[in-house]
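Shown next: start29.pdb, given as PDB, C-alpha atoms.
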```
ATOM      1  CA  MET Z   1       9.572  45.003   4.342
ATOM      2  CA  LEU Z   2      12.896  43.665   3.116
ATOM      3  CA  THR Z   3      14.563  46.975   4.000
ATOM      4  CA  ILE Z   4      13.325  46.858   7.598
ATOM      5  CA  THR Z   5      14.505  43.264   7.980
ATOM      6  CA  THR Z   6      17.901  44.118   6.507
ATOM      7  CA  ARG Z   7      18.325  47.105   8.846
ATOM      8  CA  THR Z   8      17.287  45.017  11.837
ATOM      9  CA  LEU Z   9      19.831  42.340  10.965
ATOM     10  CA  GLU Z  10      22.560  44.939  10.393
ATOM     11  CA  ALA Z  11      21.818  46.553  13.747
ATOM     12  CA  LYS Z  12      22.070  43.195  15.513
ATOM     13  CA  HIS Z  13      25.494  42.524  14.010
ATOM     14  CA  LYS Z  14      27.079  45.817  15.011
ATOM     15  CA  GLY Z  15      27.692  44.827  18.621
ATOM     16  CA  LEU Z  16      27.801  47.311  21.464
ATOM     17  CA  THR Z  17      28.049  51.010  20.767
ATOM     18  CA  HIS Z  18      31.273  52.694  21.810
ATOM     19  CA  THR Z  19      29.522  54.426  24.699
ATOM     20  CA  ARG Z  20      27.900  51.269  26.021
ATOM     21  CA  LEU Z  21      31.142  49.334  25.645
ATOM     22  CA  GLN Z  22      33.055  51.972  27.598
ATOM     23  CA  GLN Z  23      30.413  51.897  30.338
ATOM     24  CA  VAL Z  24      30.767  48.127  30.708
ATOM     25  CA  LEU Z  25      34.580  48.104  30.501
ATOM     26  CA  GLY Z  26      34.776  50.877  33.091
ATOM     27  CA  TYR Z  27      32.455  48.959  35.371
ATOM     28  CA  ILE Z  28      34.591  45.834  34.996
ATOM     29  CA  ARG Z  29      37.785  47.773  35.798
ATOM     30  CA  THR Z  30      36.197  49.351  38.858
ATOM     31  CA  HIS Z  31      34.717  46.107  40.202
ATOM     32  CA  LEU Z  32      37.347  43.601  39.074
ATOM     33  CA  ASP Z  33      37.737  42.243  42.609
ATOM     34  CA  ARG Z  34      34.059  41.225  42.751
ATOM     35  CA  ASP Z  35      32.306  38.200  41.349
ATOM     36  CA  LEU Z  36      30.913  39.846  38.233
ATOM     37  CA  SER Z  37      27.876  38.033  36.901
ATOM     38  CA  LEU Z  38      26.546  38.310  33.382
ATOM     39  CA  THR Z  39      23.327  39.730  34.822
ATOM     40  CA  GLU Z  40      25.204  42.445  36.717
ATOM     41  CA  LEU Z  41      27.191  43.468  33.632
ATOM     42  CA  ALA Z  42      24.052  43.520  31.461
ATOM     43  CA  GLU Z  43      22.306  45.737  34.008
ATOM     44  CA  VAL Z  44      25.006  48.376  33.571
ATOM     45  CA  ILE Z  45      23.566  49.103  30.129
ATOM     46  CA  ASN Z  46      20.000  47.916  30.769
ATOM     47  CA  ILE Z  47      19.758  44.952  28.410
ATOM     48  CA  SER Z  48      19.106  41.247  28.935
ATOM     49  CA  PRO Z  49      22.069  39.063  29.963
ATOM     50  CA  THR Z  50      21.770  36.835  26.877
ATOM     51  CA  TYR Z  51      21.623  39.775  24.488
ATOM     52  CA  PHE Z  52      24.492  41.466  26.333
ATOM     53  CA  ALA Z  53      26.688  38.355  26.067
ATOM     54  CA  SER Z  54      26.001  38.143  22.346
ATOM     55  CA  LEU Z  55      26.724  41.837  21.692
ATOM     56  CA  PHE Z  56      29.830  41.804  23.890
ATOM     57  CA  LYS Z  57      31.271  38.824  22.034
ATOM     58  CA  GLN Z  58      30.505  40.433  18.654
ATOM     59  CA  THR Z  59      32.266  43.595  19.783
ATOM     60  CA  MET Z  60      35.244  42.203  21.687
ATOM     61  CA  GLY Z  61      35.746  38.818  20.059
ATOM     62  CA  ILE Z  62      35.606  37.009  23.423
ATOM     63  CA  SER Z  63      32.911  36.315  25.988
ATOM     64  CA  PRO Z  64      32.387  38.698  28.910
ATOM     65  CA  ARG Z  65      33.640  35.989  31.289
ATOM     66  CA  GLN Z  66      36.865  35.483  29.335
ATOM     67  CA  TYR Z  67      37.390  39.254  29.178
ATOM     68  CA  VAL Z  68      37.004  39.548  32.960
ATOM     69  CA  ILE Z  69      39.486  36.716  33.521
ATOM     70  CA  GLN Z  70      41.929  38.284  31.070
ATOM     71  CA  GLN Z  71      41.676  41.631  32.875
ATOM     72  CA  ARG Z  72      42.242  39.942  36.234
ATOM     73  CA  VAL Z  73      45.378  38.272  34.912
ATOM     74  CA  GLU Z  74      46.635  41.589  33.503
ATOM     75  CA  GLN Z  75      46.022  43.331  36.828
ATOM     76  CA  ALA Z  76      47.774  40.495  38.669
ATOM     77  CA  LYS Z  77      50.784  40.801  36.328
ATOM     78  CA  LEU Z  78      51.002  44.497  37.091
ATOM     79  CA  MET Z  79      50.726  43.943  40.833
ATOM     80  CA  LEU Z  80      53.304  41.145  40.782
ATOM     81  CA  SER Z  81      55.836  43.421  39.122
ATOM     82  CA  LYS Z  82      55.093  46.549  41.173
ATOM     83  CA  THR Z  83      54.335  45.296  44.691
ATOM     84  CA  ASP Z  84      55.745  42.903  47.254
ATOM     85  CA  LEU Z  85      52.360  41.409  48.061
ATOM     86  CA  ALA Z  86      52.044  37.646  48.340
ATOM     87  CA  ILE Z  87      50.619  35.900  45.281
ATOM     88  CA  ALA Z  88      47.652  34.687  47.351
ATOM     89  CA  ASP Z  89      46.836  38.272  48.384
ATOM     90  CA  ILE Z  90      47.084  39.504  44.812
ATOM     91  CA  ALA Z  91      44.808  36.678  43.662
ATOM     92  CA  LEU Z  92      42.098  37.764  46.076
ATOM     93  CA  GLN Z  93      42.530  41.467  45.292
ATOM     94  CA  VAL Z  94      41.993  40.927  41.569
ATOM     95  CA  GLY Z  95      38.955  38.696  42.035
ATOM     96  CA  PHE Z  96      40.253  35.139  41.889
ATOM     97  CA  SER Z  97      38.972  32.747  44.533
ATOM     98  CA  SER Z  98      42.437  31.447  45.409
ATOM     99  CA  GLN Z  99      46.097  31.470  44.447
ATOM    100  CA  SER Z 100      45.643  28.233  42.503
ATOM    101  CA  HIS Z 101      42.737  29.752  40.568
ATOM    102  CA  LEU Z 102      44.961  32.695  39.627
ATOM    103  CA  THR Z 103      47.829  30.382  38.704
ATOM    104  CA  GLN Z 104      45.619  28.270  36.453
ATOM    105  CA  HIS Z 105      44.398  31.252  34.430
ATOM    106  CA  PHE Z 106      47.707  33.101  34.602
ATOM    107  CA  LYS Z 107      49.540  30.168  33.024
ATOM    108  CA  ARG Z 108      46.868  29.829  30.351
ATOM    109  CA  PHE Z 109      47.161  33.495  29.322
ATOM    110  CA  THR Z 110      50.895  34.089  29.794
ATOM    111  CA  GLY Z 111      52.509  30.665  29.555
ATOM    112  CA  LYS Z 112      54.144  31.305  32.931
ATOM    113  CA  THR Z 113      53.169  30.972  36.562
ATOM    114  CA  PRO Z 114      52.803  34.046  38.784
ATOM    115  CA  LYS Z 115      55.928  32.984  40.693
ATOM    116  CA  GLN Z 116      57.963  33.139  37.464
ATOM    117  CA  ILE Z 117      56.932  36.806  37.081
ATOM    118  CA  CYS Z 118      57.866  37.883  40.623
TER     119      CYS Z 118
END
```
Starting from the file, give its structure as structure tokens.
Amino acid sequence: MLTITTRTLEAKHKGLTHTRLQQVLGYIRTHLDRDLSLTELAEVINISPTYFASLFKQTMGISPRQYVIQQRVEQAKLMLSKTDLAIADIALQVGFSSQSHLTQHFKRFTGKTPKQIC
């Protein structure tokens, strides 16, 4: 009995498998411009949203929501340096609700505003 309990606990602490993680990260990359809910991300690998959030955080060290925001900021940085699009347009294309929403998170992650990157 102790062995089964130990294995169960070990399995719970491993986080997402490499395959499942890649499925979720690929889905996030592909749908970054959408409002990605925890439920939607969990459905990609057919597990409950609460369990998914826990496994994702164990695996990545940050919550799914923070990862999505981080990826949006990274995509915005890339677009700011490689395109002439307006900051407001870039914000919408990477999934932020507005330019100010992008700016808020951008400054938090980079220490700079999007305009300082342009």
Decode the PyMOL selection byres ((chain Z and resi 58) around 12) for the given file into explicit residues and return them as number ranges by chain.
Z: 11-17, 21, 51-57, 59-64
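Among the candidate residues Z:Thr83, Z:Ala76, Z:Ile45, Z:Leu92, the one lying nearest to Thr110 of chain Z is Z:Ala76, with distances computed using all atoms listed in the file.
Among Z:Cys118, Z:His105, Z:Arg20, Z:Asp35, the residue with the shortest atom-to-atom distance to Gln70 of chain Z, counting only C-alpha atoms, is Z:His105.
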For Ser81 of chain Z, work out the shell of residues within 12 Å, counting all atoms listed in the file and skipping chain neighbours fewer than 2 positions away, then give it as a list in words.
Glu74, Gln75, Ala76, Lys77, Leu78, Met79, Thr83, Asp84, Leu85, Ala86, Ile87, Ile90, Pro114, Lys115, Gln116, Ile117 and Cys118 of chain Z
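For the set Z:Val24, Z:Ser48, Z:His18, Z:Ala88, the residue with the smallest atom-to-atom gap to Leu36 of chain Z is Z:Val24, counting all atoms listed in the file.
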Select, from Z:Arg65, Z:Arg29, Z:Arg34, Z:Arg72, the residue with the minimum atom-to-atom distance to His101 of chain Z, counting only C-alpha atoms.
Z:Arg72
Env of Tyr27 of chain Z: 9 Å cut, atoms = all atoms listed in the file, seq-sep filter 5 positions within chain, self excluded. Answer as a PyMOL selection string.
chain Z and resi 22+32+41+44
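Note that the spacing between atom CA of His31 of chain Z and atom CA of Tyr67 of chain Z amounts to 13.3 Å.
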Explicit residues for the PyMOL selection byres ((chain Z and resi 103) around 10) (as number ranges by chain):
Z: 73, 87-88, 91, 96, 98-102, 104-109, 112-115
Could you write out as JSON the box around segment 83-94 of chain Z (axis-aligned, all atoms listed in the file, 4 Å on each side), with centre and edge lengths in Å to one decimal?
```
{"center_x": 48.9, "center_y": 40.0, "center_z": 45.0, "size_x": 21.8, "size_y": 18.6, "size_z": 14.8}
```
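In this structure, atom CA of Leu38 of chain Z sits 8.2 Å away from atom CA of Thr50 of chain Z.
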Separating atom CA of Gln66 of chain Z from atom CA of Ile47 of chain Z, to the nearest tenth of an Å, is a gap of 19.6 Å
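Minimum distance to Gln71 of chain Z across Z:Gln23, Z:Thr30, Z:Thr39, Z:Ser97 (counting all atoms listed in the file) occurs at Z:Thr30.
Here the question is which of Z:Glu40, Z:Asp33, Z:Thr19, Z:Leu80 gets nearest to Gly95 of chain Z using all atoms listed in the file, and that residue is Z:Asp33.
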